[in-house]
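Visitor: Have a look at the structure that comes next, please.
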Amino acid sequence: MKPYLELAIGFARTGVTGYGGGPSTIPLIEYEAVKKYKWMSEEEFGEILALANTMPGPIATKMAAYIGFKVKGGMGATVAILTHILPSIIAMLALLGVLYSFRQSPIVSGMVQGVTPVIGFMLAEMAYRFYQKGSKGLGMPKTILLAAVSFLFVQFMGWHPGILIAAVLISAFYIAHKKEKAEKKVNEEFMPAREKSS
């Protein structure tokens, strides 16, 4: 029962505190999954986040489903999804009328404006950590080039981020496959030469 309880508590927290939608919830999910409960490493979280962005549907729900499934299979995924979305649904139904009545209030407007920079910082901090990981694996020049190309395609050409991520993943797979074939060919050519010399 303990893993189910941890999933319920962890994803209930992300559902309650995830103000601003899916992307703003990702740092909270990362904290629960990587730092608090250690269900996965930072590297695995980054890989799953990249893959989840290529699929349709809300990003936070997909992450909850994957992490829940990893921890406790299908039932774990169900618990994680339900505990993530139910607090938001209940709070929304309970507070919708109140917020609608005070939507023109400067206090409510100030609250929204005050929370927005905090969300921006959380996303920027997570992006910086992903940038650091990318620069370790790819090197600084390639990381900067990929970041610049991504910015160009998303901001100026109107590409959906999921399409861009899918294109990068396919390209990376193709390049890795070609390298593997080239290395295999070199090894095959080198082996007979070694056999002859021996």
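Each chain in the structure tokens gets a letter, A, B, ..., in the order shown, and its residues are numbered from 1; ligands are numbered from 1 in order too.
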Which residues are close to region 34-45 of chain A, i.e. within 12 Å by only C-alpha atoms, leaving aside same-chain residues fewer than 5 positions away? Reply as a PyMOL selection string.

Guide: chain A and resi 2-11+26-29+50-52+63-64+66-72+126+129-130+132-134+136-137

Visitor: Okay, now the selection with N, CA and C atoms, as an mmCIF file, in the first residue's frame?

Guide:
```
data_model
loop_
_atom_site.group_PDB
_atom_site.id
_atom_site.type_symbol
_atom_site.label_atom_id
_atom_site.label_comp_id
_atom_site.auth_asym_id
_atom_site.auth_seq_id
_atom_site.Cartn_x
_atom_site.Cartn_y
_atom_site.Cartn_z
ATOM 1 N N LYS A 2 2.082 1.182 0.528
ATOM 2 C CA LYS A 2 2.913 2.384 0.655
ATOM 3 C C LYS A 2 3.184 3.059 -0.696
ATOM 4 N N PRO A 3 3.555 2.301 -1.763
ATOM 5 C CA PRO A 3 3.790 2.968 -3.063
ATOM 6 C C PRO A 3 2.556 3.703 -3.576
ATOM 7 N N TYR A 4 1.363 3.104 -3.386
ATOM 8 C CA TYR A 4 0.125 3.762 -3.825
ATOM 9 C C TYR A 4 -0.111 5.053 -3.040
ATOM 10 N N LEU A 5 0.142 4.990 -1.729
ATOM 11 C CA LEU A 5 -0.030 6.173 -0.878
ATOM 12 C C LEU A 5 0.934 7.280 -1.294
ATOM 13 N N GLU A 6 2.191 6.909 -1.577
ATOM 14 C CA GLU A 6 3.184 7.899 -2.012
ATOM 15 C C GLU A 6 2.786 8.516 -3.353
ATOM 16 N N LEU A 7 2.311 7.683 -4.281
ATOM 17 C CA LEU A 7 1.838 8.208 -5.572
ATOM 18 C C LEU A 7 0.679 9.172 -5.367
ATOM 19 N N ALA A 8 -0.271 8.777 -4.500
ATOM 20 C CA ALA A 8 -1.444 9.615 -4.247
ATOM 21 C C ALA A 8 -1.039 10.958 -3.640
ATOM 22 N N ILE A 9 -0.173 10.921 -2.637
ATOM 23 C CA ILE A 9 0.250 12.162 -1.971
ATOM 24 C C ILE A 9 1.060 13.033 -2.930
ATOM 25 N N GLY A 10 2.028 12.418 -3.621
ATOM 26 C CA GLY A 10 2.890 13.165 -4.537
ATOM 27 C C GLY A 10 2.114 13.857 -5.644
ATOM 28 N N PHE A 11 1.211 13.112 -6.296
ATOM 29 C CA PHE A 11 0.485 13.710 -7.417
ATOM 30 C C PHE A 11 -0.683 14.580 -6.971
ATOM 31 N N ILE A 26 5.357 20.722 -14.385
ATOM 32 C CA ILE A 26 6.471 19.801 -14.634
ATOM 33 C C ILE A 26 7.572 19.903 -13.571
ATOM 34 N N PRO A 27 8.027 21.103 -13.171
ATOM 35 C CA PRO A 27 9.039 21.158 -12.099
ATOM 36 C C PRO A 27 8.560 20.549 -10.788
ATOM 37 N N LEU A 28 7.246 20.659 -10.506
ATOM 38 C CA LEU A 28 6.695 20.069 -9.286
ATOM 39 C C LEU A 28 6.697 18.545 -9.384
ATOM 40 N N ILE A 29 6.331 18.020 -10.550
ATOM 41 C CA ILE A 29 6.351 16.565 -10.764
ATOM 42 C C ILE A 29 7.788 16.053 -10.677
ATOM 43 N N ALA A 50 10.686 14.572 -22.839
ATOM 44 C CA ALA A 50 10.855 14.800 -24.281
ATOM 45 C C ALA A 50 9.907 13.922 -25.085
ATOM 46 N N LEU A 51 9.804 12.642 -24.717
ATOM 47 C CA LEU A 51 8.908 11.728 -25.426
ATOM 48 C C LEU A 51 7.445 12.115 -25.225
ATOM 49 N N ALA A 52 7.094 12.506 -23.998
ATOM 50 C CA ALA A 52 5.706 12.877 -23.701
ATOM 51 C C ALA A 52 5.270 14.098 -24.508
ATOM 52 N N MET A 63 2.768 12.503 -17.906
ATOM 53 C CA MET A 63 3.862 12.238 -16.978
ATOM 54 C C MET A 63 3.355 11.448 -15.760
ATOM 55 N N ALA A 64 2.178 11.813 -15.260
ATOM 56 C CA ALA A 64 1.586 11.089 -14.128
ATOM 57 C C ALA A 64 1.337 9.633 -14.506
ATOM 58 N N TYR A 66 2.852 7.800 -16.843
ATOM 59 C CA TYR A 66 4.106 7.055 -17.000
ATOM 60 C C TYR A 66 4.728 6.725 -15.648
ATOM 61 N N ILE A 67 4.818 7.738 -14.785
ATOM 62 C CA ILE A 67 5.477 7.532 -13.489
ATOM 63 C C ILE A 67 4.683 6.537 -12.644
ATOM 64 N N GLY A 68 3.349 6.686 -12.642
ATOM 65 C CA GLY A 68 2.502 5.746 -11.901
ATOM 66 C C GLY A 68 2.668 4.324 -12.406
ATOM 67 N N PHE A 69 2.737 4.163 -13.732
ATOM 68 C CA PHE A 69 2.919 2.837 -14.319
ATOM 69 C C PHE A 69 4.285 2.256 -13.964
ATOM 70 N N LYS A 70 5.287 3.108 -13.963
ATOM 71 C CA LYS A 70 6.652 2.660 -13.618
ATOM 72 C C LYS A 70 6.711 2.169 -12.174
ATOM 73 N N VAL A 71 6.001 2.874 -11.282
ATOM 74 C CA VAL A 71 6.057 2.534 -9.861
ATOM 75 C C VAL A 71 5.207 1.300 -9.540
ATOM 76 N N LYS A 72 3.958 1.258 -10.071
ATOM 77 C CA LYS A 72 3.044 0.188 -9.676
ATOM 78 C C LYS A 72 2.132 -0.290 -10.808
ATOM 79 N N MET A 126 14.363 24.872 -14.623
ATOM 80 C CA MET A 126 14.338 23.523 -15.179
ATOM 81 C C MET A 126 14.973 23.510 -16.571
ATOM 82 N N ARG A 129 18.737 23.540 -16.280
ATOM 83 C CA ARG A 129 19.301 22.238 -15.925
ATOM 84 C C ARG A 129 19.311 21.296 -17.127
ATOM 85 N N PHE A 130 18.259 21.326 -17.958
ATOM 86 C CA PHE A 130 18.233 20.520 -19.184
ATOM 87 C C PHE A 130 19.323 20.990 -20.145
ATOM 88 N N GLN A 132 22.188 22.332 -19.284
ATOM 89 C CA GLN A 132 23.456 21.837 -18.760
ATOM 90 C C GLN A 132 23.685 20.373 -19.130
ATOM 91 N N LYS A 133 22.625 19.556 -19.002
ATOM 92 C CA LYS A 133 22.730 18.139 -19.353
ATOM 93 C C LYS A 133 23.016 17.974 -20.843
ATOM 94 N N GLY A 134 22.325 18.774 -21.662
ATOM 95 C CA GLY A 134 22.530 18.701 -23.106
ATOM 96 C C GLY A 134 23.937 19.084 -23.507
ATOM 97 N N LYS A 136 26.607 18.769 -21.728
ATOM 98 C CA LYS A 136 27.536 17.702 -21.325
ATOM 99 C C LYS A 136 27.551 16.578 -22.356
ATOM 100 N N GLY A 137 26.368 16.238 -22.871
ATOM 101 C CA GLY A 137 26.273 15.140 -23.827
ATOM 102 C C GLY A 137 26.655 15.523 -25.242
#
```

Visitor: Taking the backbone alone, and naming residues the way the document does, which bits of chain A are alpha helix (DSSP H) by DSSP, as an MDAnalysis selection string?

Guide: chainID A and resid 2:17 22:30 42:53 59:101 106:138 140:151 161:197

Visitor: Which residue gives the smallest distance to Leu49 (chain A) among A:Met157, A:Leu82, A:Ala65, A:Ile119, with only C-alpha atoms counted?

Guide: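 Ranked by minimum distance to Leu49 (chain A), first place goes to A:Ala65.
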
Visitor: In Å, rounded to a single decimal, give me how far CA of Ala33 (chain A) is from CA of Thr17 (chain A).

Guide: 15.2 Å

Visitor: Rounded to one decimal, what separation in Å do you get between CA of Phe173 (chain A) and CA of Asn53 (chain A)?

Guide: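 Computed distance, CA of Phe173 (chain A) to CA of Asn53 (chain A), equals 17.1 Å.
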
Visitor: Could you list, as a list of chain:residue names, every residue within 12 Å of region 113-118 of chain A, counting only C-alpha atoms and ignoring same-chain residues fewer than 3 positions away?

Guide: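 Contacts, in chain order: A:Thr17, A:Gly18, A:Tyr19, A:Gly20, A:Gly21, A:Ser24, A:Pro27, A:Pro106, A:Ile107, A:Val108, A:Ser109, A:Gly110, A:Phe121, A:Met122, A:Leu123, A:Ala124, A:Glu125.
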